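Q: What follows is target_16.pdb, PDB, C-alpha atoms.
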```pdb
ATOM      1  CA  MET A   1       0.951 -34.749   2.827
ATOM      2  CA  PRO A   2       2.079 -31.434   4.386
ATOM      3  CA  ASN A   3       4.182 -29.255   2.119
ATOM      4  CA  PRO A   4       7.712 -28.772   3.557
ATOM      5  CA  ASN A   5       7.982 -25.391   1.812
ATOM      6  CA  PHE A   6       5.237 -24.028   4.046
ATOM      7  CA  ASP A   7       5.731 -24.507   7.794
ATOM      8  CA  ALA A   8       2.232 -23.526   8.880
ATOM      9  CA  GLU A   9       3.125 -23.363  12.570
ATOM     10  CA  ALA A  10       6.048 -20.995  11.903
ATOM     11  CA  LEU A  11       3.841 -18.921   9.605
ATOM     12  CA  TYR A  12       1.169 -18.754  12.307
ATOM     13  CA  ARG A  13       3.741 -17.473  14.840
ATOM     14  CA  THR A  14       4.830 -14.770  12.386
ATOM     15  CA  LEU A  15       1.226 -13.770  11.716
ATOM     16  CA  ALA A  16       0.336 -13.739  15.429
ATOM     17  CA  ASP A  17       3.330 -11.523  16.248
ATOM     18  CA  ARG A  18       2.409  -9.062  13.497
ATOM     19  CA  VAL A  19      -1.247  -8.963  14.549
ATOM     20  CA  LYS A  20      -0.452  -8.433  18.240
ATOM     21  CA  SER A  21       1.992  -5.645  17.429
ATOM     22  CA  GLY A  22      -0.351  -3.998  14.922
ATOM     23  CA  LEU A  23      -3.362  -4.073  17.253
ATOM     24  CA  ALA A  24      -1.505  -3.166  20.459
ATOM     25  CA  ASN A  25      -3.188   0.252  20.752
ATOM     26  CA  ALA A  26      -6.483  -0.543  19.002
ATOM     27  CA  GLN A  27      -9.782  -0.071  20.814
ATOM     28  CA  HIS A  28     -12.778  -2.456  20.915
ATOM     29  CA  VAL A  29     -10.962  -5.230  19.044
ATOM     30  CA  ALA A  30     -12.930  -8.265  17.915
ATOM     31  CA  ILE A  31     -11.768 -11.172  15.783
ATOM     32  CA  VAL A  32     -13.831 -12.785  13.027
ATOM     33  CA  GLY A  33     -12.566 -15.920  11.306
ATOM     34  CA  ILE A  34     -13.743 -16.966   7.862
ATOM     35  CA  TYR A  35     -14.704 -20.657   7.777
ATOM     36  CA  SER A  36     -12.859 -22.935   7.796
ATOM     37  CA  GLY A  37      -9.133 -22.175   7.868
ATOM     38  CA  GLY A  38      -9.574 -18.585   8.930
ATOM     39  CA  ALA A  39     -11.830 -19.712  11.776
ATOM     40  CA  TRP A  40      -9.110 -22.026  13.088
ATOM     41  CA  LEU A  41      -6.532 -19.238  12.970
ATOM     42  CA  ALA A  42      -8.969 -16.806  14.607
ATOM     43  CA  GLU A  43      -9.667 -19.233  17.466
ATOM     44  CA  ARG A  44      -5.986 -19.489  18.303
ATOM     45  CA  LEU A  45      -5.412 -15.735  17.947
ATOM     46  CA  ALA A  46      -8.397 -14.943  20.186
ATOM     47  CA  GLU A  47      -7.101 -17.296  22.848
ATOM     48  CA  GLU A  48      -3.592 -15.805  22.761
ATOM     49  CA  MET A  49      -4.943 -12.242  22.783
ATOM     50  CA  GLN A  50      -7.509 -13.010  25.506
ATOM     51  CA  LEU A  51     -10.390 -12.063  23.218
ATOM     52  CA  LYS A  52     -12.403 -15.300  23.303
ATOM     53  CA  ASP A  53     -15.529 -13.319  24.275
ATOM     54  CA  ARG A  54     -14.953 -11.108  21.189
ATOM     55  CA  LEU A  55     -14.568 -13.971  18.701
ATOM     56  CA  GLY A  56     -16.916 -14.582  15.813
ATOM     57  CA  PHE A  57     -17.111 -16.752  12.726
ATOM     58  CA  ILE A  58     -18.439 -16.018   9.288
ATOM     59  CA  ASP A  59     -19.498 -18.214   6.390
ATOM     60  CA  VAL A  60     -19.566 -16.211   3.172
ATOM     61  CA  SER A  61     -21.255 -18.868   1.009
ATOM     62  CA  PHE A  62     -24.413 -16.822   0.405
ATOM     63  CA  TYR A  63     -22.549 -13.532   0.017
ATOM     64  CA  ARG A  64     -20.117 -14.475  -2.747
ATOM     65  CA  ASP A  65     -20.701 -12.807  -6.096
ATOM     66  CA  ASP A  66     -20.058 -16.148  -7.805
ATOM     67  CA  TYR A  67     -22.629 -18.031  -5.680
ATOM     68  CA  ALA A  68     -24.682 -18.930  -8.774
ATOM     69  CA  GLU A  69     -21.631 -20.506 -10.443
ATOM     70  CA  ARG A  70     -20.219 -22.253  -7.387
ATOM     71  CA  GLY A  71     -23.465 -23.342  -5.774
ATOM     72  CA  LEU A  72     -23.861 -24.063  -2.100
ATOM     73  CA  HIS A  73     -20.884 -25.623  -0.355
ATOM     74  CA  ALA A  74     -21.740 -28.945   1.260
ATOM     75  CA  GLU A  75     -20.612 -27.778   4.696
ATOM     76  CA  VAL A  76     -22.187 -24.362   5.163
ATOM     77  CA  LYS A  77     -21.798 -23.319   8.794
ATOM     78  CA  PRO A  78     -23.846 -20.663  10.536
ATOM     79  CA  THR A  79     -22.313 -17.230  10.925
ATOM     80  CA  GLN A  80     -21.804 -16.400  14.610
ATOM     81  CA  ILE A  81     -21.177 -12.796  15.622
ATOM     82  CA  PRO A  82     -21.824 -12.750  19.402
ATOM     83  CA  PHE A  83     -20.559  -9.191  20.008
ATOM     84  CA  GLU A  84     -21.530  -5.670  18.967
ATOM     85  CA  VAL A  85     -20.057  -4.945  15.516
ATOM     86  CA  GLU A  86     -21.016  -1.266  15.632
ATOM     87  CA  GLY A  87     -17.876   0.771  16.403
ATOM     88  CA  ALA A  88     -15.607  -2.268  16.783
ATOM     89  CA  THR A  89     -12.166  -2.735  15.292
ATOM     90  CA  ILE A  90     -12.652  -6.029  13.466
ATOM     91  CA  LEU A  91      -9.746  -8.286  12.624
ATOM     92  CA  LEU A  92     -11.016 -10.424   9.752
ATOM     93  CA  VAL A  93      -8.936 -13.606   9.508
ATOM     94  CA  ASP A  94      -8.547 -15.895   6.495
ATOM     95  CA  ASP A  95      -6.043 -18.628   5.771
ATOM     96  CA  VAL A  96      -5.219 -17.805   2.139
ATOM     97  CA  LEU A  97      -5.810 -14.506   0.358
ATOM     98  CA  TYR A  98      -6.258 -15.065  -3.368
ATOM     99  CA  THR A  99      -8.789 -13.237  -5.570
ATOM    100  CA  GLY A 100     -10.225 -11.063  -2.777
ATOM    101  CA  ARG A 101     -13.776 -12.266  -3.411
ATOM    102  CA  THR A 102     -14.082 -14.117  -0.097
ATOM    103  CA  THR A 103     -12.849 -11.039   1.775
ATOM    104  CA  ARG A 104     -15.319  -8.783  -0.036
ATOM    105  CA  ALA A 105     -18.158 -11.185   0.772
ATOM    106  CA  ALA A 106     -17.127 -11.293   4.449
ATOM    107  CA  ILE A 107     -17.063  -7.486   4.654
ATOM    108  CA  ASN A 108     -20.531  -7.313   3.079
ATOM    109  CA  GLU A 109     -21.843  -9.775   5.644
ATOM    110  CA  LEU A 110     -20.198  -7.950   8.555
ATOM    111  CA  PHE A 111     -22.027  -4.766   7.584
ATOM    112  CA  ASP A 112     -25.313  -6.652   7.980
ATOM    113  CA  TYR A 113     -24.443  -6.778  11.705
ATOM    114  CA  GLY A 114     -23.504  -3.113  12.091
ATOM    115  CA  ARG A 115     -20.933  -0.553  11.045
ATOM    116  CA  PRO A 116     -17.481  -1.318  12.438
ATOM    117  CA  ALA A 117     -15.061   1.517  13.134
ATOM    118  CA  LYS A 118     -12.409  -0.341  11.162
ATOM    119  CA  ILE A 119     -11.875  -3.696   9.470
ATOM    120  CA  MET A 120      -8.370  -5.093   9.173
ATOM    121  CA  LEU A 121      -7.446  -8.255   7.309
ATOM    122  CA  ALA A 122      -5.007 -10.950   8.428
ATOM    123  CA  ALA A 123      -4.041 -13.858   6.173
ATOM    124  CA  LEU A 124      -1.577 -16.655   6.730
ATOM    125  CA  VAL A 125      -0.536 -16.648   3.055
ATOM    126  CA  ASP A 126      -1.110 -14.154   0.251
ATOM    127  CA  ARG A 127      -0.895 -16.039  -3.023
ATOM    128  CA  GLY A 128      -1.526 -13.067  -5.303
ATOM    129  CA  GLY A 129      -3.955 -13.323  -8.199
ATOM    130  CA  ARG A 130      -6.197 -10.518  -6.954
ATOM    131  CA  GLU A 131      -9.359  -9.784  -8.916
ATOM    132  CA  LEU A 132     -10.494  -7.069  -6.487
ATOM    133  CA  PRO A 133      -8.467  -4.246  -4.878
ATOM    134  CA  ILE A 134      -8.060  -5.941  -1.495
ATOM    135  CA  ALA A 135      -4.851  -6.237   0.507
ATOM    136  CA  ALA A 136      -4.080  -7.807   3.873
ATOM    137  CA  ASP A 137      -2.935  -5.615   6.756
ATOM    138  CA  PHE A 138      -1.117  -8.589   8.256
ATOM    139  CA  VAL A 139       0.316 -11.494   6.278
ATOM    140  CA  ALA A 140       2.899 -14.103   7.230
ATOM    141  CA  GLU A 141       4.031 -15.166   3.743
ATOM    142  CA  SER A 142       3.537 -14.431   0.067
ATOM    143  CA  ALA A 143       3.588 -17.307  -2.397
ATOM    144  CA  ASN A 144       3.284 -17.757  -6.119
ATOM    145  CA  LEU A 145       1.197 -20.721  -7.185
ATOM    146  CA  SER A 146      -0.114 -21.624 -10.591
ATOM    147  CA  ASP A 147      -3.831 -21.246 -11.278
ATOM    148  CA  ASP A 148      -4.339 -25.016 -11.037
ATOM    149  CA  GLN A 149      -2.858 -25.146  -7.530
ATOM    150  CA  GLN A 150      -4.660 -24.533  -4.270
ATOM    151  CA  LEU A 151      -3.102 -23.899  -0.870
ATOM    152  CA  VAL A 152      -5.075 -25.704   1.843
ATOM    153  CA  LEU A 153      -4.729 -25.256   5.598
ATOM    154  CA  HIS A 154      -5.296 -28.311   7.792
ATOM    155  CA  ARG A 155      -5.674 -28.588  11.563
ATOM    156  CA  ALA A 156      -4.640 -31.800  13.272
ATOM    157  CA  ASP A 157      -6.451 -33.240  16.292
ATOM    158  CA  ASP A 158      -3.809 -31.658  18.547
ATOM    159  CA  GLY A 159      -4.514 -28.240  16.989
ATOM    160  CA  ARG A 160      -1.307 -27.996  14.964
ATOM    161  CA  PHE A 161      -1.535 -26.463  11.511
ATOM    162  CA  SER A 162      -0.118 -27.774   8.245
ATOM    163  CA  LEU A 163      -0.422 -26.609   4.650
ATOM    164  CA  THR A 164      -0.708 -28.646   1.487
ATOM    165  CA  VAL A 165      -0.553 -27.604  -2.134
ATOM    166  CA  ASP A 166      -3.364 -29.414  -3.933
ATOM    167  CA  HIS A 167      -4.174 -29.459  -7.632
ATOM    168  CA  ALA A 168      -7.570 -28.090  -8.531
TER     169      ALA A 168
END
```
Represent the structure of the file as structure tokens.
A:
Amino acid sequence: MPNPNFDAEALYRTLADRVKSGLANAQHVAIVGIYSGGAWLAERLAEEMQLKDRLGFIDVSFYRDDYAERGLHAEVKPTQIPFEVEGATILLVDDVLYTGRTTRAAINELFDYGRPAKIMLAALVDRGGRELPIAADFVAESANLSDDQQLVLHRADDGRFSLTVDHA
């Protein structure tokens, strides 16, 4: 059941406006979405910003520092970076920023493809709880959730987003 406290479509609009404004003068922009929620957001952003040919996706499963504890996720998807990373301004997109470990893993993987000029981070929601010194350049909302709660982005068949608060 979608959480009425989080209107994911309104949050997406806020995030998209901030990203477009913040990247208005940037050169060689490419968008990389972190599977799965970040990939959905990245797809929509790339379409709106006419960057579909500069859109990539990243699965950080093998790059996380807690891989041994967490194991392999059942739905590992292949990373797809179909553009030149070297010298690009990369907008890394995730749905929820929490500990910073997923972001760090994504940055490590991006550097396997080349050295970007700049990496910027966009997140729909920043829920705090950072374990690493990572901050989003663009965020639509900040939220405080307890450690046993998880914010989950969903995409309906018609492409509309919703957010639920699940208990871990």
Q: Find, counting only C-alpha atoms, the residue in A:Ala156, A:Ala30, A:Ala106, A:Leu163 that gets nearest to Asp94 in chain A.
A: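 When distances to Asp94 in chain A are compared using only C-alpha atoms, the smallest one comes from A:Ala106.
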Q: Could you list the residues chosen by the PyMOL selection byres ((chain A and resi 40-55) around 7) in this structure as a ChimeraX atom specification?
A: /A:16,30-33,36-39,56,83,93
Q: Go ahead and compute the interatomic distance for CA of Gly129 in chain A and CA of Lys77 in chain A, in Å to one decimal.
A: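 Interatomic distance, CA of Gly129 in chain A to CA of Lys77 in chain A: 26.6 Å.
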Q: With distances taken over all atoms listed in the file, which of A:Ile34, A:Leu121, A:Ala26, A:Leu151 is nearest to Thr79 in chain A?
A: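 Closest to Thr79 in chain A of all the choices is A:Ile34.
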Q: Distance CA of Asp166 in chain A-CA of Pro78 in chain A, one decimal place?
A: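 Rounded to one decimal, the two atoms are 26.6 Å apart.
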Q: Return the single residue from A:Val165, A:Leu92, A:Ala140, A:Leu124 that is closest to Arg104 in chain A, with distances computed using all atoms listed in the file.
A: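 Closest candidate: A:Leu92.
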Q: Given the PyMOL selection byres ((chain A and resi 168) around 7) and the file above, list the residues it selects as a PDB file with C-alpha atoms, in the frame of the given file.
A:
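The file below, part24.pdb, is the result:
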```pdb
ATOM      1  CA  ASP A 148      -4.339 -25.016 -11.037  1.00  0.00           C
ATOM      2  CA  GLN A 149      -2.858 -25.146  -7.530  1.00  0.00           C
ATOM      3  CA  GLN A 150      -4.660 -24.533  -4.270  1.00  0.00           C
ATOM      4  CA  ASP A 166      -3.364 -29.414  -3.933  1.00  0.00           C
ATOM      5  CA  HIS A 167      -4.174 -29.459  -7.632  1.00  0.00           C
TER       6      HIS A 167
END
```
Q: For this structure, which residues satisfy the selection - the PyMOL selection byres ((chain A and resi 134) around 12) - when it is evaluated on the file as given? I want them as a PyMOL selection string.
A: chain A and resi 97-105+107+119-123+126+128-133+135-137
Q: So what do you get for CA of Gln27 in chain A versus CA of Gly114 in chain A, distance-wise?
A: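 It comes out at 16.5 Å.
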Q: Centre and edge lengths of an axis-aligned box around all listed atoms of range 76-80 of chain A, with 4 Å added on each side, are to be given in Å to one decimal, as lines of an AutoDock Vina configuration file.
A:
```
center_x = -22.8
center_y = -20.4
center_z = 9.9
size_x = 10.0
size_y = 16.0
size_z = 17.4
```
Q: Using all atoms listed in the file, can you tell me which of A:Phe138, A:Leu110, A:Leu145, A:Leu153 comes closest to Ser21 in chain A?
A: A:Phe138
Q: Pick out the residues sitting within 6 Å of Arg127 in chain A, and hand them over as a list in words; count all atoms listed in the file, and ignore anything fewer than 3 positions along from it in its own chain.
A: Tyr98, Ser142, Ala143 and Asn144 of chain A
Q: Compile the contact shell of range 5-11 of chain A as a ChimeraX atom specification: residues with an atom at most 7 Å away, counting all atoms listed in the file, same-chain residues fewer than 2 positions apart removed.
A: /A:3,13-15,124,140-141,160-163
